[in-house]
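Below you'll find the structure, written out as structure tokens, and then a few comments.
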Amino acid sequence: KSDYADDVELPGRESAMGRGSFMRAETVVPSSLRSVLRPHSTEITQVAACQSNPDVTVTSSSDTTCKVFNRGSLTATITTPTTQPLTCCDAVDDLVVTGCVDKSVRVYRAARGGKPKVQLQGHGGKVVDVMFLGGDKAVVSASQDRSLKVWDVSRSGTMVSTSKCASSFNCLSVPPTSPTSCVTGHADGGVRVWDTKTGSLALDLPGLHSGHVTCVRCHPGDASVVFSMGKDNVVRAVDLRV
């Protein structure tokens, strides 16, 4: 059961490339608390639903651990080989990926007690967000070094592409129905869409927010719809087709 607020009509706005507009959106507010989990000793830096199993949730923390839950029950604790805080995480099948202040991206096998699979080095700054890209063969990572990297993690962790931006990356999201693109939020208030095959910029939406973009999420069933949240206390719903 949920309470629904009235629809909010968001004003149309074109990007510098002539595409992208705000769209009509509904606010959905949960009506009851289902459960409370306290898995970490310090702050939780990210909570992510497993891409292949919605019953599975992973959390990363500044306590340097990553936890895996199935319907609220703890199933695995991944202890990372670093003293630096974890900043982000994601999961698909039995794999978990983490990003860290130490500039590293690491992939683990949760079903094997958190056994390390591969460590990815190449960023020059703190890794701020990570996601698996279209399954368990590739990972995309964003960093404060103003780069977005795609990695092949099926074997040795080869870097596939690097995209550079004038503004620092804060967050990313990959459309479940279109893993060849990646949406990113930036310190300059802009949202950008990248081609993950070529590393090229596909769409630039500058000034979408008046402050840092703190979160972007792609619609789970429609790759053309993106939600963004900023330090300006505004949530935008954007139709990329317009």
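Every chain in the structure tokens has a letter given in the order shown (A, B, ...), and although residue numbers restart at 1 in each chain, ligands are simply numbered from 1 in the order shown.
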
Could you list, with a cut-off of 8 Å and counting only C-alpha atoms, the residues of range 151-230 of chain A near range 128-141 of chain A, each shown with its nearest atom pair and the distance in Å rounded to one decimal, rows sorted by chain and ascending number, as a tab-separated table?
residue	atom	partner	partner_atom	distance
A:Trp151	CA	A:Val139	CA	5.2
A:Asp152	CA	A:Ala138	CA	4.6
A:Val153	CA	A:Ala138	CA	5.3
A:Ser154	CA	A:Lys137	CA	4.8
A:Phe169	CA	A:Val128	CA	7.3
A:Asn170	CA	A:Val128	CA	6.0
A:Cys171	CA	A:Asp129	CA	5.4
A:Leu172	CA	A:Asp129	CA	6.2
A:Ser173	CA	A:Met131	CA	7.2
A:Val174	CA	A:Leu133	CA	6.9
A:Pro176	CA	A:Gly134	CA	7.1
A:Ser178	CA	A:Gly134	CA	7.9
A:Pro179	CA	A:Gly134	CA	4.9
A:Thr180	CA	A:Gly134	CA	7.8

Expected file: the selected residues, all heavy atoms, as a compact mmCIF listing (two decimals), in the first residue's frame:
# COMPACT_ATOMS: atom_id res chain seq x y z
N TRP A 151 35.35 -1.83 -17.83
CA TRP A 151 36.31 -2.91 -17.62
C TRP A 151 35.72 -4.24 -18.05
O TRP A 151 34.54 -4.52 -17.80
CB TRP A 151 36.68 -3.01 -16.15
CG TRP A 151 37.04 -1.73 -15.47
CD1 TRP A 151 36.17 -0.81 -14.95
CD2 TRP A 151 38.35 -1.23 -15.20
NE1 TRP A 151 36.86 0.24 -14.38
CE2 TRP A 151 38.20 0.00 -14.52
CE3 TRP A 151 39.64 -1.71 -15.47
CZ2 TRP A 151 39.29 0.76 -14.10
CZ3 TRP A 151 40.72 -0.95 -15.05
CH2 TRP A 151 40.54 0.27 -14.38
N ASP A 152 36.54 -5.07 -18.66
CA ASP A 152 36.18 -6.46 -18.93
C ASP A 152 36.64 -7.28 -17.73
O ASP A 152 37.83 -7.42 -17.49
CB ASP A 152 36.86 -6.93 -20.21
CG ASP A 152 36.54 -8.39 -20.55
OD1 ASP A 152 35.92 -9.09 -19.72
OD2 ASP A 152 36.92 -8.83 -21.65
N VAL A 153 35.68 -7.79 -16.95
CA VAL A 153 36.04 -8.54 -15.74
C VAL A 153 35.87 -10.04 -15.92
O VAL A 153 35.94 -10.80 -14.96
CB VAL A 153 35.21 -8.06 -14.53
CG1 VAL A 153 35.52 -6.60 -14.23
CG2 VAL A 153 33.72 -8.26 -14.75
N SER A 154 35.63 -10.47 -17.16
CA SER A 154 35.43 -11.90 -17.41
C SER A 154 36.73 -12.69 -17.22
O SER A 154 36.71 -13.87 -16.92
CB SER A 154 34.88 -12.14 -18.82
OG SER A 154 35.78 -11.63 -19.80
N PHE A 169 32.71 13.34 -11.74
CA PHE A 169 31.58 12.42 -11.66
C PHE A 169 31.17 12.25 -10.20
O PHE A 169 32.02 12.16 -9.30
CB PHE A 169 31.96 11.05 -12.22
CG PHE A 169 32.17 11.02 -13.70
CD1 PHE A 169 33.40 11.38 -14.26
CD2 PHE A 169 31.15 10.63 -14.56
CE1 PHE A 169 33.60 11.35 -15.62
CE2 PHE A 169 31.35 10.59 -15.93
CZ PHE A 169 32.56 10.95 -16.47
N ASN A 170 29.86 12.20 -9.95
CA ASN A 170 29.34 11.92 -8.61
C ASN A 170 28.61 10.59 -8.53
O ASN A 170 28.58 9.96 -7.47
CB ASN A 170 28.38 13.02 -8.16
CG ASN A 170 29.09 14.30 -7.77
OD1 ASN A 170 30.29 14.30 -7.50
ND2 ASN A 170 28.35 15.40 -7.75
N CYS A 171 28.00 10.15 -9.64
CA CYS A 171 27.15 8.97 -9.61
C CYS A 171 26.91 8.49 -11.04
O CYS A 171 27.15 9.21 -12.01
CB CYS A 171 25.82 9.28 -8.93
SG CYS A 171 25.03 10.80 -9.54
N LEU A 172 26.43 7.24 -11.16
CA LEU A 172 26.12 6.68 -12.47
C LEU A 172 24.97 5.71 -12.38
O LEU A 172 24.62 5.22 -11.29
CB LEU A 172 27.36 6.02 -13.09
CG LEU A 172 27.95 4.77 -12.42
CD1 LEU A 172 27.23 3.49 -12.83
CD2 LEU A 172 29.43 4.64 -12.76
N SER A 173 24.38 5.41 -13.52
CA SER A 173 23.34 4.40 -13.60
C SER A 173 23.33 3.82 -15.02
O SER A 173 23.56 4.54 -15.99
CB SER A 173 21.96 5.02 -13.30
OG SER A 173 20.95 4.03 -13.29
N VAL A 174 23.09 2.51 -15.09
CA VAL A 174 23.04 1.82 -16.38
C VAL A 174 21.61 1.34 -16.63
O VAL A 174 21.03 0.65 -15.78
CB VAL A 174 23.99 0.61 -16.40
CG1 VAL A 174 23.87 -0.16 -17.71
CG2 VAL A 174 25.43 1.06 -16.18
N PRO A 176 18.75 -0.99 -17.43
CA PRO A 176 18.69 -2.45 -17.54
C PRO A 176 18.37 -2.94 -18.94
O PRO A 176 18.80 -4.01 -19.35
CB PRO A 176 17.58 -2.83 -16.55
CG PRO A 176 17.50 -1.68 -15.60
CD PRO A 176 17.84 -0.47 -16.41
N SER A 178 19.18 -1.28 -21.73
CA SER A 178 20.11 -0.74 -22.72
C SER A 178 21.50 -0.61 -22.12
O SER A 178 21.98 0.49 -21.84
CB SER A 178 19.63 0.63 -23.23
OG SER A 178 20.51 1.15 -24.21
N PRO A 179 22.19 -1.74 -21.92
CA PRO A 179 23.50 -1.71 -21.25
C PRO A 179 24.63 -1.11 -22.08
O PRO A 179 25.77 -1.09 -21.63
CB PRO A 179 23.76 -3.19 -20.96
CG PRO A 179 22.99 -3.93 -22.00
CD PRO A 179 21.76 -3.10 -22.24
N THR A 180 24.32 -0.64 -23.28
CA THR A 180 25.36 0.02 -24.09
C THR A 180 25.44 1.51 -23.79
O THR A 180 26.19 2.23 -24.44
CB THR A 180 25.09 -0.18 -25.59
OG1 THR A 180 23.81 0.34 -25.91
CG2 THR A 180 25.16 -1.67 -25.94

- What lies within 10 Å of Asp93 in chain A using only C-alpha atoms, ignoring chain neighbours under 4 positions off, as a count of residues only? 10

- Who sits within 8 Å of range 186-203 of chain A, only C-alpha atoms, same chain under 4 positions skipped, as a ChimeraX atom specification: /A:17,19,150,161-163,167-171,179-182,207-214,228,230

- Identify which of the residues A:Val160, A:Thr80, A:Cys215, A:Gly122 lies closest to Asn233 in chain A, counting only C-alpha atoms when measuring atom-to-atom distances. A:Cys215

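Using only C-alpha atoms, the shortest contact distance between Leu95 in chain A and any of A:Thr42, A:Thr57, A:Ser32, A:Thr83 is found at A:Thr57.
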
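Distance check against Gly72 in chain A using only C-alpha atoms: of A:Met229, A:Leu86, A:Cys100, A:Val36, the minimum falls on A:Val36.
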
- To one decimal place, how far is CA of Tyr108 in chain A from CA of Gly221 in chain A in Å?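 That distance, rounded to one decimal, is 27.8 Å.
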
- Item | Nearest candidate to Glu43 in chain A (options A:Asp145, A:Cys66, A:Leu240, A:Arg106; using only C-alpha atoms) |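 Looking at the shortest contact to Glu43 in chain A, the residue is A:Cys66.
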
- For Gln121 in chain A, list every protein, DNA or RNA residue within 12 Å, evaluated using only C-alpha atoms, and leave out those in the same chain fewer than 5 positions away; present the list as a PyMOL selection string. chain A and resi 99-100+102-107+126-127+141+143+149-151+156-159

Deliver the residues from the most recent selection as a file, using N, CA and C atoms, as a compact mmCIF listing (two decimals), in the first residue's frame.
# COMPACT_ATOMS: atom_id res chain seq x y z
N GLY A 99 33.67 -0.06 -5.03
CA GLY A 99 34.57 1.05 -5.32
C GLY A 99 35.09 1.60 -4.01
N CYS A 100 36.27 2.22 -4.04
CA CYS A 100 36.93 2.58 -2.79
C CYS A 100 37.63 3.93 -2.89
N ASP A 102 40.53 4.36 -2.06
CA ASP A 102 41.92 4.10 -2.47
C ASP A 102 42.08 4.00 -3.99
N LYS A 103 41.04 4.41 -4.75
CA LYS A 103 41.06 4.51 -6.21
C LYS A 103 40.88 3.15 -6.91
N SER A 104 40.57 2.11 -6.15
CA SER A 104 40.47 0.76 -6.70
C SER A 104 39.01 0.33 -6.89
N VAL A 105 38.83 -0.57 -7.86
CA VAL A 105 37.57 -1.28 -8.07
C VAL A 105 37.88 -2.76 -7.89
N ARG A 106 37.09 -3.45 -7.07
CA ARG A 106 37.34 -4.86 -6.80
C ARG A 106 36.08 -5.68 -7.02
N VAL A 107 36.26 -6.88 -7.58
CA VAL A 107 35.14 -7.80 -7.82
C VAL A 107 35.35 -9.05 -6.97
N LYS A 126 39.37 9.06 -6.07
CA LYS A 126 38.39 8.22 -5.39
C LYS A 126 37.33 7.70 -6.36
N VAL A 127 37.02 6.42 -6.28
CA VAL A 127 35.94 5.84 -7.09
C VAL A 127 34.63 6.17 -6.41
N SER A 141 32.83 2.17 -14.00
CA SER A 141 33.17 2.88 -12.77
C SER A 141 33.36 4.36 -13.05
N SER A 143 34.80 8.15 -11.30
CA SER A 143 35.76 8.61 -10.30
C SER A 143 35.80 10.13 -10.23
N LYS A 149 35.21 4.69 -16.63
CA LYS A 149 35.94 3.58 -17.24
C LYS A 149 35.05 2.34 -17.34
N VAL A 150 35.22 1.62 -18.45
CA VAL A 150 34.56 0.33 -18.65
C VAL A 150 35.63 -0.75 -18.60
N TRP A 151 35.35 -1.83 -17.83
CA TRP A 151 36.31 -2.91 -17.62
C TRP A 151 35.72 -4.24 -18.05
N SER A 156 40.95 -11.06 -16.93
CA SER A 156 41.99 -10.40 -16.13
C SER A 156 41.64 -8.98 -15.71
N GLY A 157 40.50 -8.46 -16.13
CA GLY A 157 40.14 -7.10 -15.76
C GLY A 157 40.75 -6.05 -16.66
N THR A 158 40.65 -6.25 -17.96
CA THR A 158 41.20 -5.31 -18.94
C THR A 158 40.33 -4.06 -19.03
N MET A 159 40.98 -2.89 -19.10
CA MET A 159 40.26 -1.65 -19.32
C MET A 159 39.83 -1.55 -20.77

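Among the candidates A:Cys218, A:Val28, A:Leu74, A:Ala166, the one nearest to Ser147 in chain A when counting only C-alpha atoms is A:Ala166.
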
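All residues within range 74-109 of chain A that the backbone DSSP calculation assigns to strand (DSSP E or B) are Leu74, Thr75, Ala76, Thr77, Ile78, Thr79, Leu86, Thr87, Cys88, Cys89, Asp90, Ala91, Val92, Leu95, Val96, Val97, Thr98, Gly99, Cys100, Val105, Arg106, Val107, Tyr108 and Arg109 of chain A.
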
- How far is it from CA of Thr82 in chain A to CA of Ser62 in chain A, in Å with one decimal? 10.7 Å
